[in-house]
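Here is target-v4.cif, consisting of mmCIF, C-alpha atoms:
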```
data_data
loop_
_atom_site.group_PDB
_atom_site.id
_atom_site.type_symbol
_atom_site.label_atom_id
_atom_site.label_comp_id
_atom_site.auth_asym_id
_atom_site.auth_seq_id
_atom_site.Cartn_x
_atom_site.Cartn_y
_atom_site.Cartn_z
ATOM 1 C CA MET A 1 -20.520 8.388 -11.417
ATOM 2 C CA SER A 2 -19.625 8.236 -7.775
ATOM 3 C CA ASN A 3 -20.197 5.006 -5.976
ATOM 4 C CA LYS A 4 -19.765 4.412 -2.279
ATOM 5 C CA VAL A 5 -20.080 1.065 -0.517
ATOM 6 C CA ALA A 6 -20.412 0.760 3.271
ATOM 7 C CA ILE A 7 -19.984 -2.721 4.733
ATOM 8 C CA ILE A 8 -20.527 -3.989 8.268
ATOM 9 C CA ALA A 9 -18.577 -7.173 9.064
ATOM 10 C CA SER A 10 -20.033 -8.676 12.222
ATOM 11 C CA ASN A 11 -19.246 -12.375 11.875
ATOM 12 C CA GLY A 12 -15.955 -14.203 12.076
ATOM 13 C CA SER A 13 -15.940 -17.419 10.060
ATOM 14 C CA LEU A 14 -13.979 -18.098 6.895
ATOM 15 C CA PHE A 15 -17.219 -17.821 4.918
ATOM 16 C CA ASP A 16 -17.804 -14.369 6.375
ATOM 17 C CA ALA A 17 -14.259 -13.327 5.497
ATOM 18 C CA TYR A 18 -14.823 -14.237 1.845
ATOM 19 C CA LYS A 19 -18.206 -12.531 1.725
ATOM 20 C CA VAL A 20 -16.748 -9.322 3.108
ATOM 21 C CA PHE A 21 -13.425 -9.171 1.277
ATOM 22 C CA ASN A 22 -14.729 -10.372 -2.093
ATOM 23 C CA ILE A 23 -17.413 -7.710 -2.208
ATOM 24 C CA ALA A 24 -15.018 -5.085 -0.874
ATOM 25 C CA THR A 25 -12.266 -5.760 -3.420
ATOM 26 C CA ALA A 26 -14.735 -6.160 -6.282
ATOM 27 C CA SER A 27 -16.354 -2.818 -5.392
ATOM 28 C CA ALA A 28 -13.042 -1.041 -5.030
ATOM 29 C CA ALA A 29 -11.902 -2.463 -8.366
ATOM 30 C CA THR A 30 -15.080 -1.009 -9.848
ATOM 31 C CA ASP A 31 -14.042 2.470 -8.740
ATOM 32 C CA ALA A 32 -16.152 2.577 -5.583
ATOM 33 C CA GLU A 33 -15.058 4.169 -2.351
ATOM 34 C CA VAL A 34 -15.301 1.326 0.161
ATOM 35 C CA GLY A 35 -15.315 1.249 3.954
ATOM 36 C CA ILE A 36 -15.681 -1.781 6.234
ATOM 37 C CA PHE A 37 -16.663 -1.582 9.899
ATOM 38 C CA PHE A 38 -15.426 -4.645 11.802
ATOM 39 C CA THR A 39 -17.486 -5.264 14.885
ATOM 40 C CA PHE A 40 -17.952 -8.145 17.352
ATOM 41 C CA GLU A 41 -16.984 -11.460 15.756
ATOM 42 C CA GLY A 42 -16.145 -9.534 12.602
ATOM 43 C CA LEU A 43 -13.063 -8.218 14.361
ATOM 44 C CA ASN A 44 -11.660 -11.711 13.933
ATOM 45 C CA LEU A 45 -11.233 -11.024 10.206
ATOM 46 C CA ILE A 46 -8.564 -8.389 10.857
ATOM 47 C CA HIS A 47 -7.018 -9.964 13.952
ATOM 48 C CA LYS A 48 -3.378 -10.809 13.135
ATOM 49 C CA GLU A 49 -3.594 -14.282 14.654
ATOM 50 C CA GLY A 50 -7.326 -14.854 14.479
ATOM 51 C CA ASN A 51 -7.515 -14.362 10.749
ATOM 52 C CA GLN A 52 -4.909 -17.066 10.155
ATOM 53 C CA HIS A 53 -7.255 -19.673 11.648
ATOM 54 C CA LEU A 54 -10.703 -18.612 10.580
ATOM 55 C CA PRO A 55 -13.115 -21.442 11.312
ATOM 56 C CA LEU A 56 -15.528 -22.925 8.834
ATOM 57 C CA PRO A 57 -19.099 -23.031 10.125
ATOM 58 C CA GLU A 58 -19.905 -26.177 12.068
ATOM 59 C CA GLY A 59 -20.748 -29.071 9.787
ATOM 60 C CA LYS A 60 -19.270 -27.248 6.764
ATOM 61 C CA GLU A 61 -15.649 -28.200 7.336
ATOM 62 C CA HIS A 62 -15.583 -30.302 4.182
ATOM 63 C CA PHE A 63 -15.804 -27.146 2.074
ATOM 64 C CA GLN A 64 -12.142 -26.528 2.865
ATOM 65 C CA GLU A 65 -11.329 -28.670 -0.136
ATOM 66 C CA GLY A 66 -13.765 -26.741 -2.291
ATOM 67 C CA PHE A 67 -11.850 -23.550 -1.550
ATOM 68 C CA LYS A 68 -8.657 -25.195 -2.775
ATOM 69 C CA ALA A 69 -10.262 -26.721 -5.841
ATOM 70 C CA ALA A 70 -11.852 -23.405 -6.851
ATOM 71 C CA GLN A 71 -8.451 -21.673 -6.477
ATOM 72 C CA VAL A 72 -9.940 -18.808 -4.512
ATOM 73 C CA PRO A 73 -7.401 -16.266 -3.285
ATOM 74 C CA SER A 74 -6.302 -16.495 0.354
ATOM 75 C CA ILE A 75 -7.725 -14.079 2.900
ATOM 76 C CA ASP A 76 -4.274 -12.515 3.271
ATOM 77 C CA GLU A 77 -4.157 -11.892 -0.469
ATOM 78 C CA LEU A 78 -7.620 -10.339 -0.441
ATOM 79 C CA ILE A 79 -6.692 -8.047 2.443
ATOM 80 C CA VAL A 80 -3.548 -6.854 0.639
ATOM 81 C CA MET A 81 -5.622 -6.270 -2.517
ATOM 82 C CA ALA A 82 -8.319 -4.429 -0.586
ATOM 83 C CA LYS A 83 -5.808 -2.111 1.040
ATOM 84 C CA ASP A 84 -3.996 -1.568 -2.220
ATOM 85 C CA LEU A 85 -7.305 -0.541 -3.804
ATOM 86 C CA GLY A 86 -7.922 1.960 -1.016
ATOM 87 C CA VAL A 87 -10.547 0.116 1.029
ATOM 88 C CA LYS A 88 -10.905 1.751 4.435
ATOM 89 C CA PHE A 89 -10.862 -0.598 7.450
ATOM 90 C CA ILE A 90 -12.482 0.591 10.683
ATOM 91 C CA ALA A 91 -12.214 -1.560 13.819
ATOM 92 C CA CYS A 92 -14.929 -1.088 16.413
ATOM 93 C CA GLN A 93 -13.430 0.463 19.534
ATOM 94 C CA MET A 94 -16.181 -0.806 21.812
ATOM 95 C CA THR A 95 -15.723 -4.412 20.670
ATOM 96 C CA MET A 96 -11.982 -4.084 21.180
ATOM 97 C CA ASP A 97 -12.573 -2.905 24.748
ATOM 98 C CA VAL A 98 -15.057 -5.693 25.468
ATOM 99 C CA MET A 99 -12.803 -8.386 24.017
ATOM 100 C CA ASN A 100 -9.602 -6.835 25.312
ATOM 101 C CA VAL A 101 -8.112 -6.506 21.830
ATOM 102 C CA LYS A 102 -5.342 -3.961 21.317
ATOM 103 C CA LYS A 103 -4.683 -2.085 18.104
ATOM 104 C CA GLU A 104 -1.337 -3.934 17.879
ATOM 105 C CA ASP A 105 -3.293 -7.221 17.784
ATOM 106 C CA LEU A 106 -4.925 -6.111 14.561
ATOM 107 C CA ILE A 107 -3.454 -5.971 11.076
ATOM 108 C CA TYR A 108 -1.483 -2.907 10.055
ATOM 109 C CA GLY A 109 -3.098 0.067 8.368
ATOM 110 C CA ILE A 110 -6.546 0.182 9.905
ATOM 111 C CA ASP A 111 -8.455 2.859 11.757
ATOM 112 C CA VAL A 112 -10.147 2.397 15.092
ATOM 113 C CA GLY A 113 -13.427 4.163 15.630
ATOM 114 C CA GLY A 114 -16.865 4.100 17.114
ATOM 115 C CA ALA A 115 -20.262 3.636 15.557
ATOM 116 C CA VAL A 116 -20.465 7.260 14.511
ATOM 117 C CA THR A 117 -17.161 7.041 12.640
ATOM 118 C CA PHE A 118 -18.733 4.367 10.460
ATOM 119 C CA LEU A 119 -22.103 6.096 10.227
ATOM 120 C CA ASP A 120 -20.408 9.253 9.034
ATOM 121 C CA PHE A 121 -18.797 7.241 6.231
ATOM 122 C CA ALA A 122 -22.025 5.319 5.476
ATOM 123 C CA LYS A 123 -24.462 8.222 5.468
ATOM 124 C CA ASP A 124 -24.036 8.986 1.793
ATOM 125 C CA ALA A 125 -23.149 5.475 0.627
ATOM 126 C CA ASN A 126 -25.388 4.163 -2.132
ATOM 127 C CA VAL A 127 -24.704 0.530 -1.208
ATOM 128 C CA ASN A 128 -24.918 -0.640 2.400
ATOM 129 C CA LEU A 129 -24.184 -4.267 3.221
ATOM 130 C CA THR A 130 -24.060 -6.268 6.424
ATOM 131 C CA PHE A 131 -22.366 -9.625 6.807
ATOM 132 C CA MET B 1 -7.751 -7.594 -32.750
ATOM 133 C CA ASN B 2 -4.637 -5.609 -31.875
ATOM 134 C CA ALA B 3 -4.305 -5.619 -28.117
ATOM 135 C CA THR B 4 -1.960 -3.190 -26.392
ATOM 136 C CA LYS B 5 -1.569 -5.621 -23.504
ATOM 137 C CA ILE B 6 -2.650 -9.137 -22.577
ATOM 138 C CA LEU B 7 -3.755 -10.124 -19.092
ATOM 139 C CA ASP B 8 -3.479 -13.785 -18.196
ATOM 140 C CA ALA B 9 -6.137 -14.347 -15.520
ATOM 141 C CA LYS B 10 -6.496 -18.071 -16.170
ATOM 142 C CA GLY B 11 -7.121 -20.139 -13.051
ATOM 143 C CA LEU B 12 -8.083 -17.127 -10.970
ATOM 144 C CA ALA B 13 -11.379 -17.099 -9.097
ATOM 145 C CA CYS B 14 -13.675 -14.154 -8.420
ATOM 146 C CA PRO B 15 -12.892 -11.352 -7.705
ATOM 147 C CA MET B 16 -9.302 -11.613 -8.938
ATOM 148 C CA PRO B 17 -9.950 -11.348 -12.709
ATOM 149 C CA ILE B 18 -11.718 -8.036 -12.082
ATOM 150 C CA VAL B 19 -9.076 -6.797 -9.656
ATOM 151 C CA LYS B 20 -6.269 -7.664 -12.087
ATOM 152 C CA THR B 21 -8.152 -6.094 -14.984
ATOM 153 C CA LYS B 22 -8.566 -2.895 -13.016
ATOM 154 C CA LYS B 23 -4.858 -2.866 -12.145
ATOM 155 C CA MET B 24 -3.706 -3.440 -15.684
ATOM 156 C CA ILE B 25 -6.068 -1.001 -17.330
ATOM 157 C CA GLU B 26 -4.652 1.723 -15.104
ATOM 158 C CA GLU B 27 -1.357 1.298 -16.935
ATOM 159 C CA LEU B 28 -2.940 1.881 -20.343
ATOM 160 C CA GLN B 29 -3.869 5.038 -22.234
ATOM 161 C CA SER B 30 -7.393 5.949 -23.267
ATOM 162 C CA GLY B 31 -8.226 4.079 -26.497
ATOM 163 C CA ASP B 32 -5.778 1.233 -25.783
ATOM 164 C CA ILE B 33 -7.110 -2.315 -25.904
ATOM 165 C CA LEU B 34 -6.643 -4.855 -23.136
ATOM 166 C CA GLU B 35 -7.046 -8.529 -23.985
ATOM 167 C CA ILE B 36 -8.015 -10.733 -21.039
ATOM 168 C CA HIS B 37 -7.803 -14.509 -20.794
ATOM 169 C CA ALA B 38 -9.838 -16.109 -18.001
ATOM 170 C CA THR B 39 -11.300 -19.428 -16.959
ATOM 171 C CA ASP B 40 -13.647 -18.115 -14.258
ATOM 172 C CA LYS B 41 -17.168 -18.736 -15.568
ATOM 173 C CA GLY B 42 -18.404 -15.669 -13.707
ATOM 174 C CA ALA B 43 -15.962 -13.405 -15.527
ATOM 175 C CA LYS B 44 -18.224 -12.977 -18.535
ATOM 176 C CA ASN B 45 -21.054 -11.305 -16.652
ATOM 177 C CA ASP B 46 -18.692 -9.589 -14.252
ATOM 178 C CA LEU B 47 -16.612 -7.914 -16.944
ATOM 179 C CA ALA B 48 -19.736 -6.796 -18.798
ATOM 180 C CA ALA B 49 -21.011 -5.196 -15.576
ATOM 181 C CA TRP B 50 -17.573 -3.817 -14.777
ATOM 182 C CA VAL B 51 -17.189 -1.864 -18.019
ATOM 183 C CA LYS B 52 -20.664 -0.394 -17.475
ATOM 184 C CA SER B 53 -19.621 1.018 -14.101
ATOM 185 C CA THR B 54 -16.133 2.137 -15.066
ATOM 186 C CA GLY B 55 -16.682 3.739 -18.456
ATOM 187 C CA HIS B 56 -14.648 1.315 -20.565
ATOM 188 C CA GLU B 57 -15.955 -0.654 -23.531
ATOM 189 C CA LEU B 58 -16.207 -4.393 -24.014
ATOM 190 C CA LEU B 59 -15.471 -4.728 -27.720
ATOM 191 C CA GLU B 60 -15.623 -8.465 -28.102
ATOM 192 C CA SER B 61 -15.609 -11.718 -26.203
ATOM 193 C CA SER B 62 -15.145 -15.338 -27.106
ATOM 194 C CA GLU B 63 -15.312 -18.715 -25.442
ATOM 195 C CA ASP B 64 -13.425 -21.785 -26.481
ATOM 196 C CA ASN B 65 -13.397 -24.948 -24.417
ATOM 197 C CA GLY B 66 -13.563 -23.184 -21.071
ATOM 198 C CA LEU B 67 -11.189 -20.388 -22.021
ATOM 199 C CA PHE B 68 -12.809 -16.980 -22.128
ATOM 200 C CA LYS B 69 -11.233 -14.086 -23.973
ATOM 201 C CA PHE B 70 -12.282 -10.466 -23.719
ATOM 202 C CA TRP B 71 -11.166 -7.297 -25.460
ATOM 203 C CA ILE B 72 -11.746 -4.102 -23.524
ATOM 204 C CA LYS B 73 -11.072 -0.619 -24.837
ATOM 205 C CA LYS B 74 -10.033 1.846 -22.200
ATOM 206 C CA GLY B 75 -12.437 4.799 -21.930
#
```
Here is the file; what I need is its structure written in the form of structure tokens.
Amino acid sequence: MSNKVAIIASNGSLFDAYKVFNIATASAATDAEVGIFFTFEGLNLIHKEGNQHLPLPEGKEHFQEGFKAAQVPSIDELIVMAKDLGVKFIACQMTMDVMNVKKEDLIYGIDVGGAVTFLDFAKDANVNLTF
Amino acid sequence: MNATKILDAKGLACPMPIVKTKKMIEELQSGDILEIHATDKGAKNDLAAWVKSTGHELLESSEDNGLFKFWIKKG
């Protein structure tokens, strides 16, 4: 049974990071081929510096302790896991140009591409998700 | 039940029990049994769904005072 999951990550808070990377690693661990397109604020999730200080949504800062108490893995851990499981990361070229982000500013081992690069991956995906 | 290997996933939150299970089962041979210990309350439904999608078999599960145990036979 082939399973393919295409994810668009377009928001940049810590909540968004968990939504994206939890689903991505869980899918990949369930033998799915997984690709994530990071666009606009979503680029923050794979920005070397940005993803070390992902903000909690305004008014939700107190959940920081909940993350600790629930012993959820760190975002760095999830990214390593995702890569190890073969998840494909695609950074949006247009967003990078708009925000003046260089490929060196992003984590190692990702691809940079345009909308069609992602659409080509997503066209035969049986699960499409947007966060 | 005679497990070939035991995975200690206690204290790990979603999705780590599944990720670790996937990693460890790769090291086993078809027919081998993996015993998993977890405390994540979501693991029960997740592992049942996981075996359905990956072609392995959940032979048995138990729960004792917050500790979940699962026995999965590699397909």
With only C-alpha atoms counted and 12 Å as the cut-off, give the residues of chain B in contact with region 67-88 of chain A, each with its shortest interatomic distance in Å and the pair that gives it, as JSON lines.
```
{"residue": "B:Ala9", "atom": "CA", "partner": "A:Gln71", "partner_atom": "CA", "distance": 11.9}
{"residue": "B:Lys10", "atom": "CA", "partner": "A:Gln71", "partner_atom": "CA", "distance": 10.5}
{"residue": "B:Gly11", "atom": "CA", "partner": "A:Gln71", "partner_atom": "CA", "distance": 6.9}
{"residue": "B:Leu12", "atom": "CA", "partner": "A:Gln71", "partner_atom": "CA", "distance": 6.4}
{"residue": "B:Ala13", "atom": "CA", "partner": "A:Val72", "partner_atom": "CA", "distance": 5.1}
{"residue": "B:Cys14", "atom": "CA", "partner": "A:Val72", "partner_atom": "CA", "distance": 7.1}
{"residue": "B:Pro15", "atom": "CA", "partner": "A:Pro73", "partner_atom": "CA", "distance": 8.6}
{"residue": "B:Met16", "atom": "CA", "partner": "A:Pro73", "partner_atom": "CA", "distance": 7.6}
{"residue": "B:Pro17", "atom": "CA", "partner": "A:Pro73", "partner_atom": "CA", "distance": 10.9}
{"residue": "B:Ile18", "atom": "CA", "partner": "A:Met81", "partner_atom": "CA", "distance": 11.5}
{"residue": "B:Val19", "atom": "CA", "partner": "A:Met81", "partner_atom": "CA", "distance": 7.9}
{"residue": "B:Lys20", "atom": "CA", "partner": "A:Met81", "partner_atom": "CA", "distance": 9.7}
{"residue": "B:Lys22", "atom": "CA", "partner": "A:Leu85", "partner_atom": "CA", "distance": 9.6}
{"residue": "B:Lys23", "atom": "CA", "partner": "A:Leu85", "partner_atom": "CA", "distance": 9.0}
{"residue": "B:Glu26", "atom": "CA", "partner": "A:Leu85", "partner_atom": "CA", "distance": 11.8}
{"residue": "B:Thr39", "atom": "CA", "partner": "A:Ala70", "partner_atom": "CA", "distance": 10.9}
{"residue": "B:Asp40", "atom": "CA", "partner": "A:Ala70", "partner_atom": "CA", "distance": 9.3}
{"residue": "B:Lys41", "atom": "CA", "partner": "A:Ala70", "partner_atom": "CA", "distance": 11.2}
```
What is the CA of Cys92 (chain A)-CA of Phe40 (chain A) distance in Å, reported with one decimal? 7.7 Å
Selection in question (the file shown): the PyMOL selection byres ((chain A and resi 57-61) around 8). Which residues does it include, as a list in words? Ser13, Leu14, Phe15, Pro55, Leu56, His62, Phe63 and Gln64 of chain A
Would you write out those residues with C-alpha atoms, as a PDB file, in the frame of the given file?
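That gives us again29.pdb:
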```pdb
ATOM      1  CA  SER A  13     -15.940 -17.419  10.060  1.00  0.00           C
ATOM      2  CA  LEU A  14     -13.979 -18.098   6.895  1.00  0.00           C
ATOM      3  CA  PHE A  15     -17.219 -17.821   4.918  1.00  0.00           C
ATOM      4  CA  PRO A  55     -13.115 -21.442  11.312  1.00  0.00           C
ATOM      5  CA  LEU A  56     -15.528 -22.925   8.834  1.00  0.00           C
ATOM      6  CA  HIS A  62     -15.583 -30.302   4.182  1.00  0.00           C
ATOM      7  CA  PHE A  63     -15.804 -27.146   2.074  1.00  0.00           C
ATOM      8  CA  GLN A  64     -12.142 -26.528   2.865  1.00  0.00           C
TER       9      GLN A  64
END
```
Proximity to chain A - best of B:Leu28, B:Ile6, B:Val51, B:Ile33, only C-alpha atoms: B:Val51
Run the PyMOL selection byres ((chain A and resi 16) around 12) on the file and write out the hits as an NGL selection string. :A and (7-15 or 17-23 or 38 or 41-46 or 51 or 54-57 or 75 or 130-131)
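The smallest atom-to-atom distance between Leu7 (chain B) and any of B:Gly66, B:Ile36, B:Ile72, B:Ile25, using only C-alpha atoms, is found for B:Ile36.
Minimum distance to Glu35 (chain B) across B:Thr4, B:Leu67, B:Ala48, B:Ser62 (counting only C-alpha atoms) occurs at B:Thr4.
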Can you patch up region 11-45 of chain B, filling it in to N, CA and C atoms, and show the result as a tab-separated table (two decimals), in the coordinates of the input?
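What landed in out.tsv:
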```
chain	number	residue	atom	x	y	z
B	11	GLY	N	-7.25	-19.45	-14.33
B	11	GLY	CA	-7.12	-20.14	-13.05
B	11	GLY	C	-7.50	-19.28	-11.86
B	12	LEU	N	-7.74	-18.01	-12.09
B	12	LEU	CA	-8.08	-17.13	-10.97
B	12	LEU	C	-9.59	-17.11	-10.74
B	13	ALA	N	-9.96	-17.13	-9.45
B	13	ALA	CA	-11.38	-17.10	-9.10
B	13	ALA	C	-11.79	-15.67	-8.75
B	14	CYS	N	-13.08	-15.44	-8.80
B	14	CYS	CA	-13.68	-14.15	-8.42
B	14	CYS	C	-13.15	-13.74	-7.05
B	15	PRO	N	-12.78	-12.51	-6.81
B	15	PRO	CA	-12.89	-11.35	-7.70
B	15	PRO	C	-11.59	-11.01	-8.42
B	16	MET	N	-10.62	-11.97	-8.43
B	16	MET	CA	-9.30	-11.61	-8.94
B	16	MET	C	-9.26	-11.19	-10.42
B	17	PRO	N	-10.01	-11.84	-11.32
B	17	PRO	CA	-9.95	-11.35	-12.71
B	17	PRO	C	-10.32	-9.87	-12.83
B	18	ILE	N	-11.31	-9.44	-12.04
B	18	ILE	CA	-11.72	-8.04	-12.08
B	18	ILE	C	-10.63	-7.14	-11.46
B	19	VAL	N	-10.10	-7.59	-10.33
B	19	VAL	CA	-9.08	-6.80	-9.66
B	19	VAL	C	-7.86	-6.64	-10.56
B	20	LYS	N	-7.44	-7.73	-11.20
B	20	LYS	CA	-6.27	-7.66	-12.09
B	20	LYS	C	-6.56	-6.81	-13.32
B	21	THR	N	-7.78	-6.91	-13.83
B	21	THR	CA	-8.15	-6.09	-14.98
B	21	THR	C	-8.06	-4.62	-14.64
B	22	LYS	N	-8.60	-4.29	-13.47
B	22	LYS	CA	-8.57	-2.90	-13.02
B	22	LYS	C	-7.12	-2.40	-12.91
B	23	LYS	N	-6.26	-3.24	-12.32
B	23	LYS	CA	-4.86	-2.87	-12.14
B	23	LYS	C	-4.19	-2.62	-13.49
B	24	MET	N	-4.42	-3.54	-14.42
B	24	MET	CA	-3.71	-3.44	-15.68
B	24	MET	C	-4.22	-2.30	-16.54
B	25	ILE	N	-5.52	-2.05	-16.47
B	25	ILE	CA	-6.07	-1.00	-17.33
B	25	ILE	C	-5.58	0.38	-16.88
B	26	GLU	N	-5.20	0.46	-15.61
B	26	GLU	CA	-4.65	1.72	-15.10
B	26	GLU	C	-3.34	2.09	-15.80
B	27	GLU	N	-2.65	1.05	-16.29
B	27	GLU	CA	-1.36	1.30	-16.93
B	27	GLU	C	-1.50	1.70	-18.41
B	28	LEU	N	-2.74	1.61	-18.92
B	28	LEU	CA	-2.94	1.88	-20.34
B	28	LEU	C	-3.43	3.31	-20.58
B	29	GLN	N	-3.37	3.72	-21.83
B	29	GLN	CA	-3.87	5.04	-22.23
B	29	GLN	C	-5.28	4.88	-22.77
B	30	SER	N	-6.04	5.95	-22.71
B	30	SER	CA	-7.39	5.95	-23.27
B	30	SER	C	-7.34	5.51	-24.74
B	31	GLY	N	-8.21	4.58	-25.12
B	31	GLY	CA	-8.23	4.08	-26.50
B	31	GLY	C	-7.44	2.80	-26.67
B	32	ASP	N	-6.54	2.48	-25.72
B	32	ASP	CA	-5.78	1.23	-25.78
B	32	ASP	C	-6.72	0.04	-25.56
B	33	ILE	N	-6.28	-1.11	-26.04
B	33	ILE	CA	-7.11	-2.32	-25.90
B	33	ILE	C	-6.40	-3.34	-25.02
B	34	LEU	N	-7.14	-3.81	-24.04
B	34	LEU	CA	-6.64	-4.86	-23.14
B	34	LEU	C	-7.33	-6.17	-23.48
B	35	GLU	N	-6.51	-7.20	-23.71
B	35	GLU	CA	-7.05	-8.53	-23.98
B	35	GLU	C	-6.91	-9.36	-22.71
B	36	ILE	N	-8.00	-9.99	-22.30
B	36	ILE	CA	-8.02	-10.73	-21.04
B	36	ILE	C	-8.33	-12.20	-21.31
B	37	HIS	N	-7.53	-13.08	-20.71
B	37	HIS	CA	-7.80	-14.51	-20.79
B	37	HIS	C	-8.22	-14.98	-19.40
B	38	ALA	N	-9.36	-15.66	-19.31
B	38	ALA	CA	-9.84	-16.11	-18.00
B	38	ALA	C	-10.53	-17.45	-18.12
B	39	THR	N	-10.57	-18.15	-16.99
B	39	THR	CA	-11.30	-19.43	-16.96
B	39	THR	C	-12.46	-19.37	-15.96
B	40	ASP	N	-12.55	-18.29	-15.21
B	40	ASP	CA	-13.65	-18.11	-14.26
B	40	ASP	C	-14.95	-17.91	-15.03
B	41	LYS	N	-15.91	-18.81	-14.81
B	41	LYS	CA	-17.17	-18.74	-15.57
B	41	LYS	C	-17.97	-17.49	-15.24
B	42	GLY	N	-17.69	-16.89	-14.08
B	42	GLY	CA	-18.40	-15.67	-13.71
B	42	GLY	C	-17.85	-14.43	-14.38
B	43	ALA	N	-16.66	-14.58	-14.98
B	43	ALA	CA	-15.96	-13.40	-15.53
B	43	ALA	C	-16.76	-12.74	-16.65
B	44	LYS	N	-17.51	-13.53	-17.39
B	44	LYS	CA	-18.22	-12.98	-18.54
B	44	LYS	C	-19.23	-11.91	-18.09
B	45	ASN	N	-20.08	-12.28	-17.15
B	45	ASN	CA	-21.05	-11.30	-16.65
B	45	ASN	C	-20.38	-10.20	-15.85
```
